[in-house]
$ cat structure-v9.txt   # compact mmCIF, C-alpha atoms (C1' of nucleotides)
# COMPACT_ATOMS: atom_id res chain seq x y z
CA MET A 10 -1.50 15.75 -41.02
CA ALA A 11 -1.81 16.74 -44.63
CA PRO A 12 -5.15 15.75 -46.22
CA ALA A 13 -3.30 13.70 -48.81
CA ASP A 14 -1.77 11.68 -45.99
CA ARG A 15 -4.91 9.73 -45.37
CA LEU A 16 -8.23 8.76 -46.75
CA SER A 17 -11.12 11.13 -46.31
CA GLY A 18 -13.20 10.53 -43.18
CA ALA A 19 -16.15 8.72 -44.68
CA VAL A 20 -14.02 6.54 -46.90
CA ALA A 21 -11.62 5.70 -44.07
CA GLU A 22 -14.51 4.75 -41.84
CA ILE A 23 -15.74 2.27 -44.42
CA GLU A 24 -12.30 1.12 -45.51
CA LEU A 25 -10.46 0.74 -42.20
CA GLY A 26 -13.38 0.63 -39.78
CA GLY A 27 -15.22 -1.92 -41.90
CA LYS A 28 -12.20 -4.21 -42.15
CA LEU A 29 -11.62 -3.97 -38.42
CA LEU A 30 -15.23 -4.80 -37.52
CA ALA A 31 -15.45 -7.63 -40.02
CA TRP A 32 -12.35 -9.14 -38.43
CA TRP A 33 -13.72 -8.64 -34.93
CA ASP A 34 -17.05 -10.29 -35.76
CA VAL A 35 -15.22 -13.57 -36.22
CA SER A 36 -12.24 -13.04 -33.91
CA ARG A 37 -13.61 -11.33 -30.80
CA ARG A 38 -12.49 -12.57 -27.43
CA GLU A 39 -15.10 -13.91 -25.06
CA LEU A 40 -14.48 -12.18 -21.73
CA PRO A 41 -16.51 -12.46 -18.51
CA TRP A 42 -17.45 -8.78 -18.49
CA ARG A 43 -18.53 -8.68 -22.11
CA ALA A 44 -22.11 -9.01 -23.27
CA LEU A 45 -22.72 -11.77 -25.77
CA ALA A 46 -22.98 -10.57 -29.37
CA GLY A 47 -26.23 -8.72 -29.87
CA ARG A 48 -27.01 -8.46 -26.14
CA ALA A 49 -27.15 -5.25 -24.11
CA PRO A 50 -24.10 -4.70 -21.90
CA ASP A 51 -24.42 -4.17 -18.13
CA PRO A 52 -22.97 -0.69 -17.41
CA TYR A 53 -22.00 -1.78 -13.89
CA ALA A 54 -20.01 -4.73 -15.22
CA VAL A 55 -18.41 -2.53 -17.89
CA TRP A 56 -17.38 0.08 -15.33
CA LEU A 57 -16.09 -2.48 -12.81
CA SER A 58 -14.04 -4.29 -15.43
CA GLU A 59 -12.60 -1.07 -16.84
CA ILE A 60 -11.39 0.05 -13.42
CA MET A 61 -9.86 -3.37 -12.73
CA LEU A 62 -8.20 -3.48 -16.14
CA GLN A 63 -6.34 -0.21 -15.70
CA GLN A 64 -2.66 -1.16 -16.08
CA THR A 65 -3.63 -4.73 -15.26
CA THR A 66 -3.76 -7.87 -17.41
CA VAL A 67 -6.92 -9.74 -18.35
CA ALA A 68 -5.51 -12.86 -16.67
CA SER A 69 -5.06 -11.03 -13.37
CA VAL A 70 -8.48 -9.39 -13.48
CA THR A 71 -10.65 -12.36 -14.39
CA GLY A 72 -10.83 -13.97 -10.95
CA TYR A 73 -11.31 -10.68 -9.13
CA PHE A 74 -14.08 -9.62 -11.49
CA GLY A 75 -16.04 -12.82 -10.85
CA LYS A 76 -15.58 -12.48 -7.13
CA PHE A 77 -16.82 -8.88 -7.10
CA MET A 78 -19.82 -9.60 -9.33
CA SER A 79 -20.89 -12.49 -7.12
CA ARG A 80 -20.50 -10.58 -3.90
CA TRP A 81 -21.74 -7.18 -5.12
CA PRO A 82 -23.92 -7.77 -8.20
CA ASN A 83 -24.90 -4.14 -8.70
CA VAL A 84 -23.77 -0.63 -7.86
CA GLU A 85 -26.15 -0.29 -4.90
CA ALA A 86 -24.69 -3.38 -3.25
CA LEU A 87 -21.16 -2.13 -3.76
CA ALA A 88 -22.02 1.31 -2.42
CA ARG A 89 -23.50 -0.25 0.73
CA ALA A 90 -20.41 -2.36 1.43
CA PRO A 91 -17.87 -1.17 4.00
CA LEU A 92 -14.74 0.20 2.33
CA GLU A 93 -12.61 -2.25 4.26
CA ASP A 94 -14.49 -5.18 2.74
CA VAL A 95 -13.92 -3.81 -0.76
CA LEU A 96 -10.21 -3.29 -0.06
CA ALA A 97 -9.87 -6.80 1.36
CA ALA A 98 -11.50 -8.22 -1.78
CA TRP A 99 -9.17 -6.10 -3.93
CA ALA A 100 -6.06 -7.24 -2.04
CA GLY A 101 -3.35 -8.48 -4.39
CA LEU A 102 -4.63 -6.65 -7.46
CA GLY A 103 -2.53 -3.55 -6.83
CA TYR A 104 -3.02 0.19 -7.29
CA TYR A 105 -5.22 0.37 -4.24
CA ALA A 106 -6.39 3.92 -4.92
CA ARG A 107 -8.51 2.24 -7.59
CA ALA A 108 -10.41 0.32 -4.92
CA ARG A 109 -10.90 3.41 -2.78
CA ASN A 110 -12.12 5.34 -5.81
CA LEU A 111 -14.30 2.43 -6.91
CA HIS A 112 -16.14 2.54 -3.62
CA ALA A 113 -16.42 6.33 -3.71
CA CYS A 114 -17.67 6.21 -7.29
CA ALA A 115 -20.35 3.65 -6.44
CA GLY A 116 -21.53 5.99 -3.71
CA GLU A 117 -21.72 8.93 -6.11
CA VAL A 118 -23.58 6.97 -8.74
CA VAL A 119 -26.16 5.88 -6.18
CA ARG A 120 -26.58 9.18 -4.35
CA ARG A 121 -26.13 11.68 -7.19
CA HIS A 122 -27.29 9.73 -10.22
CA GLY A 123 -30.04 7.55 -8.76
CA GLY A 124 -28.04 4.36 -9.20
CA ARG A 125 -27.65 4.78 -12.98
CA PHE A 126 -24.32 5.46 -14.61
CA PRO A 127 -24.24 8.66 -16.69
CA GLN A 128 -24.18 7.91 -20.41
CA GLU A 129 -22.19 10.89 -21.68
CA PRO A 130 -18.40 10.92 -21.46
CA GLU A 131 -18.39 14.45 -20.02
CA ALA A 132 -20.54 13.29 -17.10
CA LEU A 133 -18.56 10.11 -16.56
CA LEU A 134 -15.27 11.97 -16.56
CA GLY A 135 -14.61 13.21 -13.09
CA LEU A 136 -16.33 10.39 -11.26
CA PRO A 137 -13.72 9.07 -8.82
CA GLY A 138 -11.21 6.90 -10.67
CA VAL A 139 -12.67 7.69 -14.08
CA GLY A 140 -10.25 9.49 -16.38
CA PRO A 141 -10.32 10.21 -20.12
CA TYR A 142 -9.81 6.60 -21.17
CA THR A 143 -12.34 5.03 -18.82
CA ALA A 144 -15.00 7.67 -19.48
CA ALA A 145 -14.71 7.05 -23.21
CA ALA A 146 -14.64 3.27 -22.78
CA ILE A 147 -17.81 3.20 -20.67
CA ALA A 148 -19.60 5.65 -22.97
CA ALA A 149 -18.66 3.63 -26.04
CA ILE A 150 -19.04 0.07 -24.76
CA ALA A 151 -21.99 0.46 -22.39
CA PHE A 152 -23.90 3.23 -24.19
CA ASN A 153 -22.65 3.06 -27.79
CA ARG A 154 -21.46 6.66 -27.84
CA PRO A 155 -18.95 7.51 -30.63
CA CYS A 156 -15.96 8.00 -28.33
CA VAL A 157 -12.33 7.02 -28.77
CA ALA A 158 -11.29 4.86 -25.81
CA GLN A 159 -7.59 5.43 -26.20
CA ASP A 160 -5.59 2.94 -24.19
CA GLY A 161 -2.17 1.46 -24.73
CA ASN A 162 -3.50 -0.99 -27.32
CA VAL A 163 -5.06 1.74 -29.40
CA GLU A 164 -1.91 3.84 -29.17
CA ARG A 165 0.17 0.93 -30.42
CA VAL A 166 -2.17 -0.09 -33.25
CA VAL A 167 -2.83 3.43 -34.49
CA SER A 168 0.73 4.71 -34.14
CA ARG A 169 1.83 1.79 -36.33
CA LEU A 170 -1.01 2.18 -38.79
CA PHE A 171 -0.10 5.83 -39.41
CA ALA A 172 3.63 5.63 -38.52
CA VAL A 173 3.35 8.33 -35.87
CA GLU A 174 6.90 9.54 -35.26
CA GLU A 175 6.09 11.83 -32.36
CA PRO A 176 6.88 10.15 -29.03
CA LEU A 177 4.27 9.39 -26.36
CA PRO A 178 2.74 10.91 -24.37
CA ALA A 179 2.94 14.04 -26.53
CA ALA A 180 1.49 12.09 -29.47
CA LYS A 181 -1.81 11.30 -27.69
CA GLY A 182 -3.74 14.06 -29.43
CA ARG A 183 -2.40 13.13 -32.85
CA ILE A 184 -3.24 9.47 -32.31
CA LYS A 185 -6.75 10.38 -31.20
CA ALA A 186 -7.29 12.39 -34.38
CA HIS A 187 -6.09 9.46 -36.48
CA THR A 188 -8.44 7.10 -34.62
CA GLU A 189 -11.40 9.40 -35.09
CA SER A 190 -10.65 9.42 -38.81
CA PHE A 191 -11.89 5.84 -39.10
CA LEU A 192 -14.13 5.47 -36.02
CA SER A 193 -17.32 3.57 -36.87
CA ARG A 194 -20.37 5.78 -36.23
CA GLN A 195 -22.56 2.74 -36.72
CA ARG A 196 -20.90 0.55 -34.10
CA PRO A 197 -18.74 2.69 -31.81
CA GLY A 198 -18.88 0.21 -28.92
CA ASP A 199 -17.77 -2.70 -31.08
CA PHE A 200 -15.14 -0.47 -32.68
CA ALA A 201 -13.58 0.33 -29.31
CA GLN A 202 -13.44 -3.31 -28.29
CA ALA A 203 -12.22 -4.40 -31.71
CA LEU A 204 -9.27 -2.03 -31.62
CA MET A 205 -8.32 -3.24 -28.15
CA ASP A 206 -8.65 -6.91 -29.15
CA LEU A 207 -6.50 -6.30 -32.20
CA GLY A 208 -3.80 -4.72 -30.07
CA ALA A 209 -3.98 -7.43 -27.42
CA THR A 210 -3.97 -10.47 -29.71
CA VAL A 211 -2.41 -9.49 -33.06
CA CYS A 212 -0.68 -6.11 -32.99
CA THR A 213 1.33 -6.99 -29.88
CA PRO A 214 4.31 -5.01 -28.55
CA ARG A 215 7.22 -7.39 -29.28
CA SER A 216 6.18 -9.62 -32.16
CA PRO A 217 3.05 -8.49 -34.01
CA ASP A 218 1.49 -11.16 -36.21
CA CYS A 219 0.78 -9.08 -39.29
CA SER A 220 -0.31 -12.14 -41.23
CA ARG A 221 -3.48 -12.17 -39.12
CA CYS A 222 -4.07 -8.41 -39.19
CA PRO A 223 -7.07 -7.10 -41.14
CA LEU A 224 -5.36 -3.71 -41.49
CA ALA A 225 -1.94 -4.95 -42.62
CA GLY A 226 -2.48 -3.66 -46.14
CA ASN A 227 -3.07 -0.16 -44.76
CA CYS A 228 -0.26 -0.13 -42.21
CA ARG A 229 2.48 2.43 -42.77
CA ALA A 230 4.82 0.84 -40.24
CA ARG A 231 4.53 -2.53 -41.92
CA ALA A 232 5.11 -1.03 -45.35
CA ASP A 233 8.39 0.27 -43.94
CA GLY A 234 9.15 -2.99 -42.13
CA ALA A 235 9.29 -0.99 -38.90
CA GLN A 236 6.31 -2.28 -36.87
CA THR A 237 8.11 -2.52 -33.55
CA ARG A 238 9.57 0.97 -33.82
CA PHE A 239 6.11 2.27 -32.87
CA PRO A 240 4.81 3.67 -30.65
CA VAL A 241 7.83 5.90 -30.07
CA LYS A 242 8.40 6.49 -26.36
CA GLY A 243 10.68 8.63 -24.25
CA GLU A 244 13.37 7.34 -21.90
CA LYS A 245 12.26 5.79 -18.65
CA PRO A 246 13.88 6.90 -15.39
CA ALA A 247 16.03 4.33 -13.61
CA ARG A 248 14.39 2.44 -10.75
CA PRO A 249 16.07 3.15 -7.40
CA HIS A 250 16.62 0.44 -4.79
CA ARG A 251 15.54 0.97 -1.20
CA ARG A 252 15.98 -0.86 2.08
CA GLY A 253 13.82 -0.89 5.15
CA ALA A 254 12.36 -3.04 7.90
CA ALA A 255 8.99 -4.45 8.92
CA PHE A 256 8.08 -5.26 12.51
CA VAL A 257 5.99 -8.25 13.52
CA LEU A 258 4.78 -7.83 17.09
CA LEU A 259 2.77 -10.64 18.71
CA ARG A 260 0.80 -10.31 21.91
CA GLY A 261 -0.15 -13.50 23.73
CA GLY A 262 0.63 -15.45 20.58
CA GLU A 263 -2.63 -14.49 18.92
CA ALA A 264 -2.82 -10.73 18.52
CA LEU A 265 -0.79 -8.94 15.90
CA LEU A 266 0.06 -5.25 15.74
CA ARG A 267 -1.35 -3.66 12.59
CA ARG A 268 -1.88 -0.27 11.09
CA ARG A 269 -3.73 1.10 8.08
CA PRO A 270 -2.48 4.21 6.28
CA ALA A 271 -5.31 6.15 4.63
CA LYS A 272 -3.45 7.03 1.45
CA GLY A 273 -0.11 6.91 -0.28
CA LEU A 274 1.71 3.67 -1.04
CA LEU A 275 -0.56 0.70 -0.21
CA GLY A 276 -3.00 3.24 1.20
CA GLY A 277 -6.11 1.73 2.77
CA MET A 278 -4.53 -1.68 3.24
CA SER A 279 -3.80 -3.31 6.58
CA GLU A 280 -0.05 -3.62 7.11
CA PHE A 281 2.76 -4.44 9.52
CA PRO A 282 4.44 -1.41 11.05
CA SER A 283 7.54 -0.59 9.03
CA THR A 284 10.00 2.08 8.05
CA PRO A 285 8.50 4.53 5.55
CA LEU A 286 8.66 2.49 2.37
CA SER A 287 9.46 5.39 0.09
CA ALA A 288 12.88 6.08 1.62
CA ASP A 289 16.09 4.11 2.12
CA PHE A 290 17.03 2.98 5.63
CA GLY A 291 20.03 1.02 6.81
CA LEU A 292 19.51 -1.60 9.51
CA ALA A 293 20.56 0.54 12.49
CA GLU A 294 18.57 3.50 11.27
CA ALA A 295 15.52 1.32 10.67
CA MET A 296 15.31 0.35 14.35
CA GLY A 297 14.30 3.89 15.12
CA TYR A 298 10.99 3.06 13.44
CA ALA A 299 10.24 0.02 15.61
CA PRO A 300 6.80 0.49 17.15
CA ALA A 301 8.15 -0.26 20.64
CA GLU A 302 11.52 -0.17 22.38
CA ILE A 303 11.76 -3.86 23.20
CA ARG A 304 14.02 -6.71 22.13
CA TRP A 305 13.53 -7.62 18.48
CA ARG A 306 14.79 -10.75 16.79
CA ARG A 307 15.88 -10.25 13.24
CA LEU A 308 14.65 -13.04 11.01
CA GLU A 309 17.12 -14.48 8.58
CA GLY A 310 17.01 -13.26 5.00
CA HIS A 311 14.98 -10.51 3.39
CA VAL A 312 11.64 -9.83 1.80
CA ARG A 313 12.17 -8.50 -1.71
CA HIS A 314 9.55 -6.70 -3.73
CA VAL A 315 9.47 -4.60 -6.86
CA PHE A 316 7.16 -1.65 -7.28
CA THR A 317 6.77 0.36 -10.46
CA HIS A 318 9.03 3.16 -9.29
CA PHE A 319 11.45 1.45 -6.89
CA SER A 320 12.58 -1.95 -5.67
CA LEU A 321 12.54 -2.80 -1.99
CA GLU A 322 14.48 -5.07 0.35
CA LEU A 323 12.90 -5.47 3.75
CA ALA A 324 14.47 -6.91 6.90
CA VAL A 325 11.87 -8.51 9.16
CA PHE A 326 11.98 -8.18 12.95
CA LEU A 327 9.89 -10.28 15.29
CA SER A 328 9.07 -9.85 18.97
CA ARG A 329 6.70 -11.37 21.51
CA GLU A 330 7.69 -9.08 24.35
CA ALA A 331 5.22 -6.86 26.11
CA PRO A 332 5.44 -3.45 24.46
CA ASP A 333 6.40 -0.41 26.49
CA ARG A 334 3.40 1.53 25.27
CA ASN A 335 -0.33 1.11 25.01
CA PHE A 336 -1.25 0.88 21.34
CA ASP A 337 -4.98 0.89 22.00
CA ALA A 338 -4.64 4.52 22.96
CA CYS A 339 -2.34 5.26 20.07
CA ASP A 340 -3.85 6.34 16.81
CA GLY A 341 -2.79 4.45 13.73
CA TYR A 342 -2.17 1.14 15.48
CA ARG A 343 -4.47 -1.66 16.53
CA TRP A 344 -4.30 -5.32 17.54
CA ALA A 345 -5.73 -7.86 15.13
CA ASP A 346 -6.35 -11.58 15.46
CA VAL A 347 -3.59 -13.59 13.79
CA ALA A 348 -6.12 -16.15 12.62
CA ARG A 349 -7.97 -13.45 10.72
CA LEU A 350 -4.98 -12.16 8.80
CA ARG A 351 -6.35 -13.62 5.59
CA GLU A 352 -9.70 -11.88 5.96
CA GLU A 353 -7.96 -8.54 6.31
CA GLY A 354 -6.66 -8.80 2.79
CA LEU A 355 -2.94 -8.26 2.43
CA SER A 356 -1.03 -6.43 -0.25
CA SER A 357 1.48 -8.68 -1.96
CA LEU A 358 4.33 -7.01 -0.10
CA MET A 359 2.73 -7.59 3.30
CA ARG A 360 1.76 -11.12 2.35
CA LYS A 361 5.47 -11.76 1.73
CA VAL A 362 6.25 -10.36 5.19
CA ALA A 363 3.61 -12.62 6.75
CA VAL A 364 5.02 -15.66 4.95
CA HIS A 365 8.57 -14.71 5.95
CA ALA A 366 7.49 -14.51 9.59
CA GLU A 367 5.71 -17.87 9.21
CA LEU A 368 2.35 -16.36 10.05
CA ALA A 369 0.84 -17.47 6.78
CA GLY A 370 1.35 -20.23 4.27
CA LYS A 371 2.41 -19.47 0.78
C1' DT B 12 4.35 17.74 -16.97
C1' DA B 13 6.38 14.34 -14.50
C1' DG B 14 6.25 11.40 -10.72
C1' DA B 15 3.49 8.41 -7.56
C1' DC B 16 1.00 4.49 -7.59
C1' DG B 17 1.18 -2.62 -7.54
C1' DT B 18 1.55 -6.74 -9.37
C1' DG B 19 2.65 -10.83 -12.07
C1' DG B 20 4.03 -12.68 -16.37
C1' DG B 21 6.78 -12.74 -20.65
C1' DT B 22 11.29 -12.51 -22.98
C1' DT C 23 18.80 -11.28 -14.22
C1' DA C 24 16.74 -7.24 -15.79
C1' DC C 25 13.63 -4.98 -18.29
C1' DC C 26 9.24 -4.40 -20.41
C1' DC C 27 4.68 -4.39 -20.24
C1' DA C 28 -0.92 -4.50 -19.07
C1' DA C 29 -8.01 -1.72 -20.96
C1' DG C 30 -4.62 4.80 -16.50
C1' DT C 31 -5.61 8.21 -12.85
C1' DC C 32 -4.33 11.66 -9.68
C1' DT C 33 -1.59 15.40 -8.09
$ encode --input "structure-v9.txt" --output "structure tokens"
Amino acid sequence: MAPADRLSGAVAEIELGGKLLAWWDVSRRELPWRALAGRAPDPYAVWLSEIMLQQTTVASVTGYFGKFMSRWPNVEALARAPLEDVLAAWAGLGYYARARNLHACAGEVVRRHGGRFPQEPEALLGLPGVGPYTAAAIAAIAFNRPCVAQDGNVERVVSRLFAVEEPLPAAKGRIKAHTESFLSRQRPGDFAQALMDLGATVCTPRSPDCSRCPLAGNCRARADGAQTRFPVKGEKPARPHRRGAAFVLLRGGEALLRRRPAKGLLGGMSEFPSTPLSADFGLAEAMGYAPAEIRWRRLEGHVRHVFTHFSLELAVFLSREAPDRNFDACDGYRWADVARLREEGLSSLMRKVAVHAELAGK
DNA sequence: TAGACGTGGGT
DNA sequence: TACCCAAGTCT
């Protein structure tokens, strides 16, 4: 950007940064993972909340965060926990690689860093599940390092403030430079949270409330009456529709056939055997993926579910016949107690299958 | 760089 | 209904 396009660094920091922080001091959200004003933050709580909040709303995270903090109050406790317990506690929150990485990261912090989170963004970056945003957020919020924690909120607020015409994600570098131009060196942690609060509560995607915005007088987009034109984004690919089948096999009325893929879609989570979920299968074709060649009863209706990158329609087949193979000797499958289905922790998709098969209440 | 990777709520 | 979005990361 041309120097004349914006205020000089020091002036911008005082002008924009000061307005933002003054607003935040009276408008900050109280959130369970936040330290009270003037109190030292808990790096473990900051890290845990940041992982949970990736692509996930505050409303969805709140209950899970409380549950995790009660059950595993510090990084040592979480590192000691079996991965399956962590995944079961995460069930329903989505993006399950986050839970696998969370557990791996706790282990690294304990074994390689003596149970203390690194304070520098370069050291945080590269921990499992910690990318550029999360590294900067932890460094800023937990350790008051002058880092730009550039999430979707920041990209929206700053792209409007400076009317950034370049589309995302190419514009990330430009937006970061703009943000650094008014980053508060005095209060970098508060600055990061203030920018996110502004984006979440005032400078919202559809209908920003500029009358409440402390930066409205400096906002290029608003001056042009074009707030919602920013951030500029590219076209999104269409979402394909896929069909498949899930198989509910009961043994003696109390054991249920399960499997647990290590990675990929819903990786780590206990699930009903099914067709590969990332491909489209007609009904006849789907039967080739039944875990046993026995009589299956097709349950009426479908289970429908929408993932980020495709929608899914699942037929559900049920059988209580004795299988023609011994699953105990077969890797990938195991028998699990029906009564303990809840403790296993089900993804939302598999919870729908369980409800459809009347194995679980809504 | 673009696609994989969940879920629930808002409009 | 359909689409968008929410404190992104990994490959």
$ residues_around --input "structure-v9.txt" --residues "DC27 (chain C)" --least-positions-apart "2" --cutoff "10 Å" --atoms "only C-alpha atoms (C1' of nucleotides)" --output "tab-separated table (two decimals) with C-alpha atoms (C1' of nucleotides), in the frame of the given file"
chain	number	residue	atom	x	y	z
A	64	GLN	CA	-2.66	-1.16	-16.08
A	65	THR	CA	-3.63	-4.73	-15.26
A	66	THR	CA	-3.76	-7.87	-17.41
A	214	PRO	CA	4.31	-5.01	-28.55
A	215	ARG	CA	7.22	-7.39	-29.28
B	20	DG	C1'	4.03	-12.68	-16.37
B	21	DG	C1'	6.78	-12.74	-20.65
C	25	DC	C1'	13.63	-4.98	-18.29
$ closest_residue --input "structure-v9.txt" --among "A:Ala324, A:Ala186, A:Ala179, A:Val35" --to "DT12 (chain B)" --atoms "all atoms listed in the file"
A:Ala179
$ interface_residues --input "structure-v9.txt" --of "chain A" --to "chain C" --cutoff "9 Å" --atoms "all atoms listed in the file" --output "PyMOL selection string"
chain A and resi 58-67+107+138-143+146+158-162+205+214
$ closest_residue --input "structure-v9.txt" --among "A:Leu57, A:Leu133, A:Leu265, A:Ala106" --to "chain B" --atoms "all atoms listed in the file"
A:Ala106
$ closest_residue --input "structure-v9.txt" --among "A:Tyr104, A:Phe326, A:Tyr73, A:Phe171" --to "chain B" --atoms "only C-alpha atoms (C1' of nucleotides)"
A:Tyr104
$ atom_distance --input "structure-v9.txt" --atom1 "CA of Lys76 (chain A)" --atom2 "CA of Leu350 (chain A)"
19.1 Å
$ residues_around --input "structure-v9.txt" --residues "region 114-118 of chain A" --least-positions-apart "2" --cutoff "9 Å" --atoms "all atoms listed in the file" --output "PDB file with C-alpha atoms, keeping the file's coordinate frame"
ATOM      1  CA  VAL A  84     -23.770  -0.630  -7.860  1.00  0.00           C
ATOM      2  CA  GLU A  85     -26.150  -0.290  -4.900  1.00  0.00           C
ATOM      3  CA  ALA A  86     -24.690  -3.380  -3.250  1.00  0.00           C
ATOM      4  CA  LEU A  87     -21.160  -2.130  -3.760  1.00  0.00           C
ATOM      5  CA  ALA A  88     -22.020   1.310  -2.420  1.00  0.00           C
ATOM      6  CA  ARG A  89     -23.500  -0.250   0.730  1.00  0.00           C
ATOM      7  CA  ARG A 109     -10.900   3.410  -2.780  1.00  0.00           C
ATOM      8  CA  ASN A 110     -12.120   5.340  -5.810  1.00  0.00           C
ATOM      9  CA  LEU A 111     -14.300   2.430  -6.910  1.00  0.00           C
ATOM     10  CA  HIS A 112     -16.140   2.540  -3.620  1.00  0.00           C
ATOM     11  CA  ARG A 120     -26.580   9.180  -4.350  1.00  0.00           C
ATOM     12  CA  ARG A 121     -26.130  11.680  -7.190  1.00  0.00           C
ATOM     13  CA  HIS A 122     -27.290   9.730 -10.220  1.00  0.00           C
ATOM     14  CA  GLY A 123     -30.040   7.550  -8.760  1.00  0.00           C
ATOM     15  CA  GLY A 124     -28.040   4.360  -9.200  1.00  0.00           C
ATOM     16  CA  ARG A 125     -27.650   4.780 -12.980  1.00  0.00           C
ATOM     17  CA  PHE A 126     -24.320   5.460 -14.610  1.00  0.00           C
ATOM     18  CA  PRO A 127     -24.240   8.660 -16.690  1.00  0.00           C
ATOM     19  CA  LEU A 136     -16.330  10.390 -11.260  1.00  0.00           C
ATOM     20  CA  PRO A 137     -13.720   9.070  -8.820  1.00  0.00           C
ATOM     21  CA  GLY A 138     -11.210   6.900 -10.670  1.00  0.00           C
ATOM     22  CA  VAL A 139     -12.670   7.690 -14.080  1.00  0.00           C
TER      23      VAL A 139
END
$ interface_residues --input "structure-v9.txt" --of "chain B" --to "chain A" --cutoff "9 Å" --atoms "all atoms listed in the file" --output "mmCIF file with C-alpha atoms (C1' of nucleotides), in the frame of the given file"
data_model
loop_
_atom_site.group_PDB
_atom_site.id
_atom_site.type_symbol
_atom_site.label_atom_id
_atom_site.label_comp_id
_atom_site.auth_asym_id
_atom_site.auth_seq_id
_atom_site.Cartn_x
_atom_site.Cartn_y
_atom_site.Cartn_z
ATOM 1 C "C1'" DG B 14 6.250 11.400 -10.720
ATOM 2 C "C1'" DA B 15 3.490 8.410 -7.560
ATOM 3 C "C1'" DC B 16 1.000 4.490 -7.590
ATOM 4 C "C1'" DG B 17 1.180 -2.620 -7.540
ATOM 5 C "C1'" DT B 18 1.550 -6.740 -9.370
ATOM 6 C "C1'" DG B 19 2.650 -10.830 -12.070
#
$ residues_around --input "structure-v9.txt" --residues "region 244-247 of chain A" --least-positions-apart "2" --cutoff "9 Å" --atoms "all atoms listed in the file" --output "PDB file with C-alpha atoms, keeping the file's coordinate frame"
ATOM      1  CA  LYS A 242       8.400   6.490 -26.360  1.00  0.00           C
ATOM      2  CA  PRO A 249      16.070   3.150  -7.400  1.00  0.00           C
ATOM      3  CA  HIS A 318       9.030   3.160  -9.290  1.00  0.00           C
ATOM      4  CA  PHE A 319      11.450   1.450  -6.890  1.00  0.00           C
TER       5      PHE A 319
END
$ atom_distance --input "structure-v9.txt" --atom1 "CA of Lys185 (chain A)" --atom2 "CA of Phe74 (chain A)"
29.0 Å
$ atom_distance --input "structure-v9.txt" --atom1 "CA of Ile150 (chain A)" --atom2 "CA of Ala203 (chain A)"
10.7 Å
$ decode --input "structure-v9.txt" --residues "region 150-159 of chain A" --atoms "N, CA, C and O atoms" --output "compact mmCIF listing (two decimals), in the first residue's frame"
# COMPACT_ATOMS: atom_id res chain seq x y z
N ILE A 150 -2.47 -14.01 23.60
CA ILE A 150 -3.42 -13.99 24.71
C ILE A 150 -2.80 -14.53 25.99
O ILE A 150 -2.98 -13.96 27.07
N ALA A 151 -2.05 -15.63 25.89
CA ALA A 151 -1.51 -16.24 27.11
C ALA A 151 -0.20 -15.59 27.54
O ALA A 151 0.12 -15.56 28.73
N PHE A 152 0.59 -15.09 26.57
CA PHE A 152 1.93 -14.60 26.92
C PHE A 152 2.18 -13.16 26.48
O PHE A 152 3.33 -12.68 26.54
N ASN A 153 1.14 -12.48 26.02
CA ASN A 153 1.23 -11.06 25.68
C ASN A 153 2.33 -10.74 24.66
O ASN A 153 2.99 -9.70 24.74
N ARG A 154 2.53 -11.65 23.73
CA ARG A 154 3.49 -11.39 22.64
C ARG A 154 2.80 -10.57 21.54
O ARG A 154 1.60 -10.78 21.28
N PRO A 155 3.48 -9.67 20.89
CA PRO A 155 2.86 -8.80 19.87
C PRO A 155 2.64 -9.52 18.55
O PRO A 155 3.28 -9.24 17.54
N CYS A 156 1.71 -10.47 18.54
CA CYS A 156 1.44 -11.28 17.35
C CYS A 156 0.04 -10.98 16.82
O CYS A 156 -0.88 -10.72 17.60
N VAL A 157 -0.12 -11.07 15.52
CA VAL A 157 -1.44 -10.92 14.91
C VAL A 157 -2.12 -12.28 14.82
O VAL A 157 -1.68 -13.14 14.06
N ALA A 158 -3.15 -12.48 15.60
CA ALA A 158 -3.93 -13.72 15.55
C ALA A 158 -5.02 -13.53 14.52
O ALA A 158 -6.10 -13.03 14.82
N GLN A 159 -4.71 -13.91 13.30
CA GLN A 159 -5.58 -13.56 12.18
C GLN A 159 -6.59 -14.67 11.88
O GLN A 159 -6.31 -15.62 11.18
